[in-house]
$ cat data.txt   # compact mmCIF, C-alpha atoms
# COMPACT_ATOMS: atom_id res chain seq x y z
CA MET D 1 19.87 14.78 -44.57
CA ARG D 2 16.95 12.53 -43.63
CA SER D 3 19.24 9.50 -43.21
CA LEU D 4 21.61 11.59 -41.06
CA THR D 5 18.71 12.67 -38.82
CA LEU D 6 17.59 9.04 -38.52
CA ALA D 7 21.13 7.96 -37.65
CA ILE D 8 21.36 10.62 -34.95
CA PHE D 9 17.98 9.52 -33.54
CA ILE D 10 19.08 5.88 -33.44
CA LEU D 11 22.38 6.81 -31.77
CA LEU D 12 20.57 8.97 -29.18
CA THR D 13 18.07 6.18 -28.45
CA MET D 14 20.91 3.67 -27.99
CA THR D 15 22.77 6.08 -25.70
CA LEU D 16 19.71 6.72 -23.56
CA GLY D 17 19.03 3.00 -23.50
CA HIS D 18 22.54 2.26 -22.25
CA ALA D 19 22.23 5.02 -19.64
CA GLN D 20 18.94 3.53 -18.43
CA THR D 21 20.52 0.08 -18.25
CA ASP D 22 23.44 1.44 -16.24
CA LYS D 23 21.01 3.09 -13.80
CA THR D 24 18.90 -0.03 -13.33
CA ASP D 25 21.99 -2.20 -12.88
CA ALA D 26 23.27 0.18 -10.23
CA LEU D 27 19.85 0.17 -8.56
CA ARG D 28 19.72 -3.63 -8.39
CA GLN D 29 23.27 -3.91 -7.11
CA GLY D 30 22.69 -1.18 -4.55
CA PHE D 31 19.48 -2.85 -3.37
CA ARG D 32 21.26 -6.13 -2.74
CA SER D 33 24.22 -4.44 -1.09
CA GLU D 34 22.13 -2.30 1.27
CA LEU D 35 19.88 -5.19 2.32
CA GLU D 36 22.88 -7.41 3.00
CA LYS D 37 24.59 -4.69 5.01
CA ALA D 38 21.44 -4.10 7.10
CA GLY D 39 20.95 -7.81 7.79
CA VAL D 40 17.63 -8.05 5.94
CA ALA D 41 16.68 -11.67 5.26
CA GLY D 42 14.88 -11.07 1.98
CA GLY D 43 13.18 -8.48 -0.18
CA SER D 44 12.01 -7.52 -3.65
CA LEU D 45 12.05 -4.44 -5.85
CA VAL D 46 10.14 -3.65 -9.06
CA VAL D 47 9.93 -0.61 -11.34
CA VAL D 48 7.46 -0.35 -14.23
CA ARG D 49 7.05 2.32 -16.87
CA GLU D 50 4.13 2.45 -19.31
CA GLY D 51 3.35 -1.18 -18.61
CA LYS D 52 6.93 -2.36 -19.13
CA LEU D 53 9.16 -3.81 -16.47
CA ILE D 54 12.35 -1.74 -16.37
CA ALA D 55 13.86 -3.06 -13.12
CA GLU D 56 13.33 -6.14 -10.98
CA GLU D 57 15.41 -7.58 -8.17
CA HIS D 58 14.82 -10.26 -5.55
CA TYR D 59 17.27 -10.65 -2.71
CA GLY D 60 17.94 -13.27 -0.08
CA LEU D 61 15.52 -15.63 1.62
CA ALA D 62 11.78 -15.56 2.15
CA ASN D 63 12.22 -18.15 4.90
CA ILE D 64 15.62 -18.63 6.55
CA GLU D 65 14.86 -21.98 8.17
CA LYS D 66 13.59 -23.49 4.90
CA LYS D 67 16.26 -21.73 2.79
CA GLN D 68 13.41 -20.51 0.60
CA PRO D 69 14.65 -17.89 -1.91
CA ALA D 70 12.75 -14.67 -2.51
CA ASN D 71 11.37 -14.35 -6.06
CA ALA D 72 8.46 -12.87 -8.03
CA ALA D 73 6.09 -15.48 -6.58
CA THR D 74 7.05 -14.80 -2.95
CA ILE D 75 4.01 -13.69 -0.96
CA TYR D 76 4.71 -10.76 1.33
CA HIS D 77 2.48 -9.02 3.85
CA TRP D 78 1.72 -5.48 2.60
CA ALA D 79 0.42 -4.06 5.88
CA SER D 80 -0.84 -0.47 5.43
CA ASN D 81 -0.53 -0.73 1.67
CA THR D 82 -3.94 -2.36 2.14
CA LYS D 83 -5.38 1.09 2.88
CA PRO D 84 -5.47 2.31 -0.76
CA PHE D 85 -7.51 -0.77 -1.71
CA THR D 86 -10.00 0.25 0.98
CA GLY D 87 -10.08 3.79 -0.40
CA ILE D 88 -10.59 2.55 -3.96
CA ALA D 89 -13.52 0.42 -2.76
CA ILE D 90 -15.13 3.46 -1.09
CA LEU D 91 -14.81 5.45 -4.33
CA GLN D 92 -16.33 2.52 -6.24
CA LEU D 93 -19.36 2.55 -3.95
CA ARG D 94 -19.59 6.33 -4.30
CA ASP D 95 -19.53 6.08 -8.10
CA ARG D 96 -22.28 3.44 -7.92
CA GLY D 97 -24.47 5.85 -5.99
CA LEU D 98 -24.42 3.82 -2.78
CA LEU D 99 -22.80 6.46 -0.55
CA LYS D 100 -21.42 10.00 -0.56
CA LEU D 101 -18.02 11.08 0.71
CA ASP D 102 -19.63 13.80 2.79
CA ASP D 103 -22.07 11.40 4.44
CA PRO D 104 -21.70 11.26 8.23
CA VAL D 105 -19.94 8.09 9.30
CA THR D 106 -22.70 7.53 11.87
CA LYS D 107 -25.19 7.06 9.01
CA TYR D 108 -23.60 3.64 8.52
CA LEU D 109 -21.98 3.09 11.91
CA PRO D 110 -24.32 4.55 14.57
CA GLU D 111 -22.21 2.83 17.25
CA LEU D 112 -19.62 5.60 16.86
CA ARG D 113 -21.97 7.95 18.72
CA ARG D 114 -20.69 6.26 21.91
CA ILE D 115 -17.28 7.92 21.38
CA HIS D 116 -16.65 11.13 23.33
CA ASN D 117 -16.32 14.15 21.04
CA PRO D 118 -15.47 17.40 22.87
CA PHE D 119 -15.51 19.28 19.53
CA GLY D 120 -19.13 18.64 18.60
CA SER D 121 -21.43 15.88 17.42
CA MET D 122 -20.10 12.57 16.12
CA ASP D 123 -22.55 13.07 13.26
CA GLU D 124 -20.22 15.79 11.93
CA ILE D 125 -17.44 13.31 11.12
CA THR D 126 -17.65 12.29 7.46
CA ILE D 127 -16.34 9.53 5.24
CA ARG D 128 -14.07 12.14 3.62
CA HIS D 129 -12.53 12.84 7.04
CA LEU D 130 -11.68 9.15 7.44
CA LEU D 131 -10.18 8.99 3.94
CA SER D 132 -7.90 11.94 4.70
CA HIS D 133 -6.91 10.84 8.23
CA SER D 134 -8.55 13.95 9.64
CA GLY D 135 -11.39 12.44 11.68
CA GLY D 136 -9.67 13.10 15.00
CA PHE D 137 -9.16 9.46 15.97
CA ARG D 138 -6.05 8.05 17.63
CA GLY D 139 -3.27 6.43 15.62
CA GLY D 140 -3.17 2.82 16.83
CA THR D 141 -5.93 0.22 16.81
CA TRP D 142 -5.27 -0.88 20.37
CA PRO D 143 -4.70 1.75 23.06
CA TRP D 144 -2.18 -0.71 24.54
CA ARG D 145 0.11 -3.48 23.28
CA ASN D 146 2.43 -5.67 25.32
CA ASN D 147 2.95 -8.35 22.63
CA LYS D 148 2.27 -11.20 25.01
CA PRO D 149 1.88 -14.63 23.39
CA TRP D 150 -1.74 -14.86 24.52
CA GLU D 151 -2.70 -11.50 22.98
CA PRO D 152 -4.43 -11.56 19.58
CA PHE D 153 -2.37 -9.99 16.82
CA GLU D 154 -5.15 -7.44 16.33
CA PRO D 155 -8.78 -7.22 17.57
CA THR D 156 -10.69 -10.10 16.03
CA GLU D 157 -14.28 -8.84 16.18
CA TRP D 158 -16.12 -5.58 15.56
CA SER D 159 -17.75 -5.94 18.99
CA GLN D 160 -14.31 -5.59 20.61
CA LEU D 161 -13.84 -2.16 19.04
CA VAL D 162 -17.39 -1.11 19.89
CA ALA D 163 -16.76 -2.07 23.52
CA MET D 164 -13.89 0.45 23.59
CA PHE D 165 -15.94 3.34 22.15
CA PRO D 166 -17.16 4.65 25.55
CA PHE D 167 -13.48 4.82 26.58
CA THR D 168 -12.39 6.58 23.38
CA GLU D 169 -12.37 10.29 22.53
CA VAL D 170 -11.89 12.46 19.48
CA LEU D 171 -8.51 14.18 19.80
CA PHE D 172 -8.94 17.27 17.61
CA LYS D 173 -11.59 19.07 15.59
CA PRO D 174 -12.43 16.80 12.63
CA GLY D 175 -11.19 18.14 9.31
CA SER D 176 -8.76 20.60 10.88
CA LYS D 177 -5.58 18.50 10.84
CA PHE D 178 -3.95 15.38 9.48
CA SER D 179 -3.18 12.61 11.96
CA TYR D 180 -2.58 9.08 10.72
CA SER D 181 -5.29 6.82 12.12
CA ASN D 182 -5.66 3.08 11.74
CA PRO D 183 -9.10 3.01 13.43
CA GLY D 184 -10.42 5.50 10.87
CA ILE D 185 -9.57 3.08 8.05
CA ILE D 186 -11.12 0.18 9.95
CA TYR D 187 -14.35 2.18 10.12
CA LEU D 188 -14.18 2.56 6.32
CA GLY D 189 -13.87 -1.21 5.99
CA ARG D 190 -16.94 -1.65 8.15
CA ILE D 191 -18.84 0.86 5.97
CA ILE D 192 -17.92 -1.20 2.88
CA GLU D 193 -19.47 -4.24 4.55
CA GLU D 194 -22.62 -2.37 5.60
CA VAL D 195 -23.19 -0.84 2.17
CA SER D 196 -22.24 -3.85 0.00
CA GLY D 197 -23.73 -6.54 2.23
CA GLU D 198 -20.55 -8.60 1.87
CA PRO D 199 -17.52 -9.28 4.08
CA TYR D 200 -14.71 -6.82 3.32
CA GLU D 201 -12.43 -9.55 1.97
CA ALA D 202 -15.08 -10.88 -0.41
CA TYR D 203 -15.92 -7.41 -1.71
CA ILE D 204 -12.28 -6.48 -2.42
CA ASP D 205 -11.61 -9.84 -4.04
CA LYS D 206 -14.59 -9.56 -6.39
CA ASN D 207 -14.28 -5.88 -7.22
CA ILE D 208 -10.52 -5.22 -7.28
CA LEU D 209 -8.25 -8.27 -6.99
CA ARG D 210 -9.97 -10.55 -9.53
CA PRO D 211 -10.58 -7.86 -12.15
CA LEU D 212 -6.90 -6.87 -11.96
CA GLY D 213 -5.80 -10.49 -12.32
CA MET D 214 -4.33 -10.61 -8.80
CA HIS D 215 -5.23 -14.26 -8.33
CA SER D 216 -2.55 -15.10 -5.76
CA SER D 217 -3.51 -12.20 -3.48
CA TYR D 218 -5.66 -12.66 -0.39
CA PHE D 219 -6.25 -11.45 3.15
CA ASP D 220 -4.86 -12.86 6.40
CA LYS D 221 -4.44 -16.65 6.68
CA THR D 222 -2.73 -18.19 3.67
CA PRO D 223 -4.61 -20.82 1.61
CA PRO D 224 -2.75 -24.15 1.78
CA HIS D 225 -1.89 -24.17 -1.93
CA LEU D 226 -0.03 -20.85 -1.54
CA LEU D 227 1.85 -21.66 1.68
CA PRO D 228 5.02 -22.76 -0.20
CA HIS D 229 5.35 -19.16 -1.42
CA ARG D 230 4.59 -17.37 1.87
CA SER D 231 7.40 -15.29 3.33
CA HIS D 232 8.28 -15.41 7.00
CA SER D 233 9.19 -12.14 8.75
CA TYR D 234 11.94 -10.99 11.10
CA PHE D 235 13.04 -8.17 13.37
CA ILE D 236 16.56 -6.93 14.02
CA ARG D 237 16.96 -5.30 17.42
CA GLU D 238 20.42 -4.41 18.80
CA GLY D 239 22.02 -6.67 16.22
CA LYS D 240 19.91 -9.69 17.15
CA ARG D 241 17.43 -11.31 14.73
CA THR D 242 14.07 -12.56 16.02
CA GLU D 243 11.07 -13.98 14.17
CA GLY D 244 7.70 -12.33 13.62
CA ARG D 245 4.41 -14.17 13.93
CA PHE D 246 4.07 -16.35 10.84
CA ASP D 247 0.90 -15.82 8.81
CA ALA D 248 -0.60 -13.44 11.38
CA ASP D 249 -4.34 -12.69 11.26
CA THR D 250 -5.28 -8.99 11.27
CA GLY D 251 -8.82 -9.80 12.37
CA ILE D 252 -11.30 -6.92 12.28
CA THR D 253 -8.48 -4.58 11.18
CA VAL D 254 -8.20 -6.35 7.80
CA SER D 255 -9.22 -3.24 5.83
CA ASN D 256 -6.32 -1.42 7.46
CA SER D 257 -3.50 -3.90 6.94
CA GLY D 258 -4.60 -7.42 5.93
CA LEU D 259 -3.36 -7.78 2.34
CA ASN D 260 -0.89 -10.51 1.36
CA ALA D 261 0.32 -10.73 -2.24
CA PRO D 262 3.27 -11.68 -4.46
CA VAL D 263 5.24 -8.99 -6.22
CA ALA D 264 3.96 -10.30 -9.57
CA ASP D 265 0.40 -9.42 -8.52
CA MET D 266 1.40 -6.06 -7.06
CA ALA D 267 2.99 -5.13 -10.39
CA LYS D 268 -0.48 -5.48 -11.93
CA TYR D 269 -1.76 -3.06 -9.29
CA LEU D 270 1.01 -0.61 -10.26
CA ASN D 271 -0.11 -0.75 -13.90
CA PHE D 272 -3.69 -0.06 -12.79
CA LEU D 273 -2.54 3.03 -10.89
CA LEU D 274 -0.68 4.23 -13.97
CA GLY D 275 -3.46 3.29 -16.38
CA SER D 276 -0.96 1.27 -18.41
CA PRO D 277 -1.70 -2.16 -19.90
CA PRO D 278 0.98 -4.71 -18.95
CA ALA D 279 3.65 -5.55 -21.49
CA ARG D 280 4.94 -9.02 -22.14
CA GLY D 281 7.86 -10.44 -20.19
CA GLY D 282 9.30 -10.06 -16.71
CA VAL D 283 7.32 -10.05 -13.53
CA ASP D 284 4.05 -8.99 -15.15
CA PRO D 285 3.43 -10.90 -18.41
CA ALA D 286 0.37 -10.21 -20.52
CA SER D 287 -2.14 -13.02 -20.22
CA ALA D 288 -5.79 -13.89 -20.65
CA ASP D 289 -6.39 -11.97 -17.41
CA TRP D 290 -6.10 -8.79 -19.47
CA VAL D 291 -8.37 -9.77 -22.34
CA VAL D 292 -12.15 -9.93 -22.09
CA GLY D 293 -14.10 -10.95 -25.18
CA GLY D 294 -11.04 -10.41 -27.34
CA ARG D 295 -10.67 -6.79 -26.19
CA ALA D 296 -8.08 -5.22 -23.90
CA PHE D 297 -9.14 -4.94 -20.28
CA ASN D 298 -10.57 -1.54 -19.34
CA TYR D 299 -9.28 -0.28 -15.98
CA ASP D 300 -12.39 1.88 -15.63
CA THR D 301 -14.17 -1.38 -14.84
CA VAL D 302 -12.40 -1.20 -11.47
CA LEU D 303 -12.52 2.58 -10.96
CA LYS D 304 -12.99 5.50 -13.31
CA ARG D 305 -9.73 7.28 -14.01
CA SER D 306 -11.23 10.58 -12.89
CA SER D 307 -12.18 9.04 -9.54
CA LEU D 308 -8.71 7.57 -9.07
CA GLU D 309 -7.15 10.94 -9.84
CA GLU D 310 -9.55 12.54 -7.36
CA MET D 311 -7.79 10.51 -4.67
CA TRP D 312 -4.51 12.25 -5.57
CA GLN D 313 -5.63 15.82 -4.97
CA PRO D 314 -4.07 17.42 -1.87
CA LEU D 315 -6.51 18.07 1.00
CA LEU D 316 -4.28 18.70 4.02
CA LYS D 317 -0.62 19.20 4.83
CA ALA D 318 0.92 16.01 6.17
CA GLU D 319 4.47 17.11 7.04
CA THR D 320 3.61 16.94 10.74
CA ASP D 321 0.61 15.17 12.20
CA ALA D 322 -1.69 16.40 14.97
CA ASN D 323 0.46 14.67 17.59
CA GLY D 324 3.59 16.53 16.48
CA ASN D 325 5.17 13.53 14.73
CA ALA D 326 7.29 14.33 11.70
CA GLY D 327 5.74 13.14 8.45
CA PHE D 328 7.41 11.50 5.46
CA THR D 329 5.54 13.42 2.80
CA THR D 330 4.02 16.83 2.04
CA ASP D 331 0.26 16.37 1.61
CA ILE D 332 -2.55 13.87 2.09
CA GLY D 333 -5.29 13.28 -0.47
CA LEU D 334 -7.92 10.56 -0.18
CA ILE D 335 -5.80 7.78 1.42
CA PHE D 336 -2.79 8.45 -0.84
CA PHE D 337 0.16 10.60 0.25
CA LEU D 338 1.56 13.23 -2.08
CA ASP D 339 5.09 14.55 -2.44
CA GLN D 340 6.19 17.56 -4.46
CA ARG D 341 9.86 16.99 -5.33
CA ASP D 342 11.88 18.84 -7.97
CA GLY D 343 8.73 20.01 -9.72
CA ARG D 344 7.28 16.49 -9.85
CA LYS D 345 4.19 15.10 -8.15
CA LEU D 346 4.91 11.73 -6.54
CA ILE D 347 2.11 9.68 -5.03
CA GLY D 348 2.54 6.80 -2.66
CA HIS D 349 1.81 4.81 0.45
CA GLY D 350 3.86 2.71 2.86
CA GLY D 351 3.33 -0.37 4.97
CA ASP D 352 4.94 -1.52 8.21
CA GLN D 353 3.68 -4.43 10.31
CA ASN D 354 4.95 -7.64 11.88
CA GLY D 355 8.44 -7.29 10.42
CA PHE D 356 7.33 -6.46 6.87
CA ILE D 357 8.23 -3.06 5.39
CA SER D 358 6.99 -1.84 2.00
CA TYR D 359 6.59 1.31 -0.04
CA ILE D 360 4.78 2.01 -3.31
CA GLU D 361 5.33 5.22 -5.24
CA PHE D 362 4.33 6.41 -8.69
CA ILE D 363 4.45 9.44 -10.99
CA PRO D 364 1.37 9.63 -13.23
CA ALA D 365 3.00 12.24 -15.51
CA SER D 366 5.78 9.84 -16.55
CA LYS D 367 3.68 6.65 -16.11
CA THR D 368 6.38 5.25 -13.85
CA ALA D 369 5.84 3.33 -10.61
CA SER D 370 8.00 1.42 -8.15
CA LEU D 371 7.69 -0.77 -5.12
CA PHE D 372 9.99 -2.40 -2.65
CA VAL D 373 9.17 -4.82 0.14
CA LEU D 374 11.35 -6.28 2.89
CA ASN D 375 10.63 -9.16 5.24
CA THR D 376 12.85 -7.75 7.99
CA ASP D 377 12.25 -4.72 10.20
CA VAL D 378 15.54 -3.09 11.17
CA ALA D 379 15.13 -0.87 14.24
CA GLY D 380 16.33 2.68 14.77
CA LYS D 381 18.46 4.86 12.56
CA PRO D 382 19.88 1.99 10.43
CA GLY D 383 16.36 1.00 9.42
CA ALA D 384 15.26 4.58 8.77
CA ASP D 385 18.38 5.24 6.67
CA LEU D 386 17.77 2.04 4.69
CA ILE D 387 14.18 2.98 3.82
CA SER D 388 14.96 6.60 2.95
CA GLY D 389 17.93 5.45 0.86
CA LEU D 390 15.82 2.98 -1.11
CA ARG D 391 13.17 5.61 -1.80
CA ARG D 392 15.82 8.10 -2.90
CA SER D 393 17.46 5.57 -5.25
CA LEU D 394 14.13 4.76 -6.88
CA ARG D 395 13.27 8.41 -7.34
CA GLU D 396 16.61 8.98 -9.07
CA LEU D 397 15.70 6.22 -11.52
CA PHE D 398 12.41 7.99 -12.31

$ encode --input "data.txt" --output "structure tokens"
Amino acid sequence: MRSLTLAIFILLTMTLGHAQTDKTDALRQGFRSELEKAGVAGGSLVVVREGKLIAEEHYGLANIEKKQPANAATIYHWASNTKPFTGIAILQLRDRGLLKLDDPVTKYLPELRRIHNPFGSMDEITIRHLLSHSGGFRGGTWPWRNNKPWEPFEPTEWSQLVAMFPFTEVLFKPGSKFSYSNPGIIYLGRIIEEVSGEPYEAYIDKNILRPLGMHSSYFDKTPPHLLPHRSHSYFIREGKRTEGRFDADTGITVSNSGLNAPVADMAKYLNFLLGSPPARGGVDPASADWVVGGRAFNYDTVLKRSSLEEMWQPLLKAETDANGNAGFTTDIGLIFFLDQRDGRKLIGHGGDQNGFISYIEFIPASKTASLFVLNTDVAGKPGADLISGLRRSLRELF
């Protein structure tokens, strides 16, 4: 009887294994097919579960002119997927007793008192409001953008933002609504600098990227030794392909959208979110990066698990923002977006800038996470259908 039970278990495991393989094969083939159909130059996809790579695909070219293939070492721009790193840094500083989430933002950035607030004092806007996109600030960094060649890609200095404060106003009562705001995240980056005494990039590198072994990740301009791996970016508008700005500098908005990284590094970030040590093989091999003094690396060194999970608790509905724009999720926590689908809690964040499109999503309950990144922005309904289709396919694999 025992041998029969064992045989049934082995058969069931093999069957489930084959079913999983069929699903991942279909996912990879579908990814390539959809990107080719949409005219995307290049992109990558990764799924990890409990530290193991269960799906990986790289499609097309990172640079068309150089005929540079996309692969695990290709460095993409992650745009707003920088925001969770900023949020993690704020929680680190909170856990170290250097700030409180309910501190007024003006405690660290008194310049914000120059902004017009018809709903009360600027001192009532807190760090928690910024983390949940409920501070009442506008969506875009610039109140205008004509994309002229002489324009900077983004504001380059804090003083440029401060100069706009007297011509800026709070749009709704802070804490009352969700409305996605890039300036709010930039203010968080500035708080990190004020509290830590270090430039934002240096702080994130020392406290998040290096501990996670993300040694080929960086902000803004690419170091010369990594340039061979840097992806170009493209736009498709009315069937015509144009190029994005290569290696664009996000300037003072770096905490909002400045991260560049290869998929191999971002897979390490996925394992951190899941709390799973990386397994050997594939895009995320185990290495000395994950061993300190002969012992396995402790993710709590970066951020306590309880603090990370605190970021995933719903604070506000995010289906529609304060400006009436339809959302892509159900709730907002601290930086992270939350989706309740089929009885499951999915957590994620997207990125979209300068031709690069990305999305990261994970399910803590099943210790499964995925990401995809494209180096081509396809306009209109074809682009929206492509992104929603990719997210749906990944969720089906979960």

$ atom_distance --input "data.txt" --atom1 "atom CA of D:Lys52" --atom2 "atom CA of D:Glu396"
18.0 Å

$ residues_around --input "data.txt" --residues "D:Ser388" --least-positions-apart "4" --cutoff "12 Å" --atoms "only C-alpha atoms" --output "PDB file with C-alpha atoms, in the coordinates of the input"
ATOM      1  CA  GLU D  34      22.130  -2.300   1.270  1.00  0.00           C
ATOM      2  CA  PHE D 328       7.410  11.500   5.460  1.00  0.00           C
ATOM      3  CA  THR D 329       5.540  13.420   2.800  1.00  0.00           C
ATOM      4  CA  GLY D 350       3.860   2.710   2.860  1.00  0.00           C
ATOM      5  CA  SER D 358       6.990  -1.840   2.000  1.00  0.00           C
ATOM      6  CA  TYR D 359       6.590   1.310  -0.040  1.00  0.00           C
ATOM      7  CA  PHE D 372       9.990  -2.400  -2.650  1.00  0.00           C
ATOM      8  CA  LYS D 381      18.460   4.860  12.560  1.00  0.00           C
ATOM      9  CA  PRO D 382      19.880   1.990  10.430  1.00  0.00           C
ATOM     10  CA  GLY D 383      16.360   1.000   9.420  1.00  0.00           C
ATOM     11  CA  ALA D 384      15.260   4.580   8.770  1.00  0.00           C
ATOM     12  CA  ARG D 392      15.820   8.100  -2.900  1.00  0.00           C
ATOM     13  CA  SER D 393      17.460   5.570  -5.250  1.00  0.00           C
ATOM     14  CA  LEU D 394      14.130   4.760  -6.880  1.00  0.00           C
ATOM     15  CA  ARG D 395      13.270   8.410  -7.340  1.00  0.00           C
TER      16      ARG D 395
END

$ residues_around --input "data.txt" --residues "stretch 361-365 of chain D" --least-positions-apart "4" --cutoff "7 Å" --atoms "all atoms listed in the file" --output "count of residues only"
9

$ closest_residue --input "data.txt" --among "D:Arg128, D:Gly43, D:His58, D:Ile192" --to "D:Asp377" --atoms "all atoms listed in the file"
D:Gly43

$ residues_around --input "data.txt" --residues "D:Met164" --least-positions-apart "6" --cutoff "12 Å" --atoms "all atoms listed in the file" --output "NGL selection string"
:D and (111-112 or 114-116 or 141-144 or 155 or 157-158 or 183)

$ residues_around --input "data.txt" --residues "stretch 236-238 of chain D" --least-positions-apart "5" --cutoff "9 Å" --atoms "only C-alpha atoms" --output "PyMOL selection string"
chain D and resi 38-40+243+355+376-380

$ closest_residue --input "data.txt" --among "D:Val162, D:Ile127, D:Met266, D:Ala26" --to "D:Leu91" --atoms "all atoms listed in the file"
D:Ile127

$ atom_distance --input "data.txt" --atom1 "atom CA of D:Ser181" --atom2 "atom CA of D:Ala41"
29.5 Å

$ atom_distance --input "data.txt" --atom1 "atom CA of D:Leu226" --atom2 "atom CA of D:Val47"
24.6 Å

$ axis_aligned_box --input "data.txt" --around "stretch 252-259 of chain D" --padding-each-side "6 Å" --output "lines of an AutoDock Vina configuration file"
center_x = -7.3
center_y = -4.6
center_z = 7.3
size_x = 19.9
size_y = 18.4
size_z = 21.9

$ residues_around --input "data.txt" --residues "stretch 245-251 of chain D" --least-positions-apart "2" --cutoff "12 Å" --atoms "only C-alpha atoms" --output "PDB file with C-alpha atoms, in the frame of the given file"
ATOM      1  CA  ALA D  62      11.780 -15.560   2.150  1.00  0.00           C
ATOM      2  CA  ASN D  63      12.220 -18.150   4.900  1.00  0.00           C
ATOM      3  CA  ILE D  75       4.010 -13.690  -0.960  1.00  0.00           C
ATOM      4  CA  TYR D  76       4.710 -10.760   1.330  1.00  0.00           C
ATOM      5  CA  HIS D  77       2.480  -9.020   3.850  1.00  0.00           C
ATOM      6  CA  TRP D  78       1.720  -5.480   2.600  1.00  0.00           C
ATOM      7  CA  ALA D  79       0.420  -4.060   5.880  1.00  0.00           C
ATOM      8  CA  SER D  80      -0.840  -0.470   5.430  1.00  0.00           C
ATOM      9  CA  THR D  82      -3.940  -2.360   2.140  1.00  0.00           C
ATOM     10  CA  THR D 141      -5.930   0.220  16.810  1.00  0.00           C
ATOM     11  CA  ASN D 147       2.950  -8.350  22.630  1.00  0.00           C
ATOM     12  CA  LYS D 148       2.270 -11.200  25.010  1.00  0.00           C
ATOM     13  CA  PRO D 149       1.880 -14.630  23.390  1.00  0.00           C
ATOM     14  CA  GLU D 151      -2.700 -11.500  22.980  1.00  0.00           C
ATOM     15  CA  PRO D 152      -4.430 -11.560  19.580  1.00  0.00           C
ATOM     16  CA  PHE D 153      -2.370  -9.990  16.820  1.00  0.00           C
ATOM     17  CA  GLU D 154      -5.150  -7.440  16.330  1.00  0.00           C
ATOM     18  CA  PRO D 155      -8.780  -7.220  17.570  1.00  0.00           C
ATOM     19  CA  THR D 156     -10.690 -10.100  16.030  1.00  0.00           C
ATOM     20  CA  GLU D 157     -14.280  -8.840  16.180  1.00  0.00           C
ATOM     21  CA  TRP D 158     -16.120  -5.580  15.560  1.00  0.00           C
ATOM     22  CA  SER D 159     -17.750  -5.940  18.990  1.00  0.00           C
ATOM     23  CA  GLN D 160     -14.310  -5.590  20.610  1.00  0.00           C
ATOM     24  CA  LEU D 161     -13.840  -2.160  19.040  1.00  0.00           C
ATOM     25  CA  ILE D 186     -11.120   0.180   9.950  1.00  0.00           C
ATOM     26  CA  GLY D 189     -13.870  -1.210   5.990  1.00  0.00           C
ATOM     27  CA  TYR D 200     -14.710  -6.820   3.320  1.00  0.00           C
ATOM     28  CA  GLU D 201     -12.430  -9.550   1.970  1.00  0.00           C
ATOM     29  CA  TYR D 218      -5.660 -12.660  -0.390  1.00  0.00           C
ATOM     30  CA  PHE D 219      -6.250 -11.450   3.150  1.00  0.00           C
ATOM     31  CA  ASP D 220      -4.860 -12.860   6.400  1.00  0.00           C
ATOM     32  CA  LYS D 221      -4.440 -16.650   6.680  1.00  0.00           C
ATOM     33  CA  THR D 222      -2.730 -18.190   3.670  1.00  0.00           C
ATOM     34  CA  PRO D 223      -4.610 -20.820   1.610  1.00  0.00           C
ATOM     35  CA  PRO D 224      -2.750 -24.150   1.780  1.00  0.00           C
ATOM     36  CA  LEU D 226      -0.030 -20.850  -1.540  1.00  0.00           C
ATOM     37  CA  LEU D 227       1.850 -21.660   1.680  1.00  0.00           C
ATOM     38  CA  HIS D 229       5.350 -19.160  -1.420  1.00  0.00           C
ATOM     39  CA  ARG D 230       4.590 -17.370   1.870  1.00  0.00           C
ATOM     40  CA  SER D 231       7.400 -15.290   3.330  1.00  0.00           C
ATOM     41  CA  HIS D 232       8.280 -15.410   7.000  1.00  0.00           C
ATOM     42  CA  SER D 233       9.190 -12.140   8.750  1.00  0.00           C
ATOM     43  CA  TYR D 234      11.940 -10.990  11.100  1.00  0.00           C
ATOM     44  CA  PHE D 235      13.040  -8.170  13.370  1.00  0.00           C
ATOM     45  CA  THR D 242      14.070 -12.560  16.020  1.00  0.00           C
ATOM     46  CA  GLU D 243      11.070 -13.980  14.170  1.00  0.00           C
ATOM     47  CA  THR D 253      -8.480  -4.580  11.180  1.00  0.00           C
ATOM     48  CA  VAL D 254      -8.200  -6.350   7.800  1.00  0.00           C
ATOM     49  CA  SER D 255      -9.220  -3.240   5.830  1.00  0.00           C
ATOM     50  CA  ASN D 256      -6.320  -1.420   7.460  1.00  0.00           C
ATOM     51  CA  SER D 257      -3.500  -3.900   6.940  1.00  0.00           C
ATOM     52  CA  GLY D 258      -4.600  -7.420   5.930  1.00  0.00           C
ATOM     53  CA  LEU D 259      -3.360  -7.780   2.340  1.00  0.00           C
ATOM     54  CA  ASN D 260      -0.890 -10.510   1.360  1.00  0.00           C
ATOM     55  CA  GLN D 353       3.680  -4.430  10.310  1.00  0.00           C
ATOM     56  CA  ASN D 354       4.950  -7.640  11.880  1.00  0.00           C
ATOM     57  CA  GLY D 355       8.440  -7.290  10.420  1.00  0.00           C
ATOM     58  CA  PHE D 356       7.330  -6.460   6.870  1.00  0.00           C
ATOM     59  CA  ASN D 375      10.630  -9.160   5.240  1.00  0.00           C
TER      60      ASN D 375
END

$ closest_residue --input "data.txt" --among "D:Ser217, D:Thr368, D:Ser276, D:Thr86" --to "D:Met311" --atoms "only C-alpha atoms"
D:Thr86
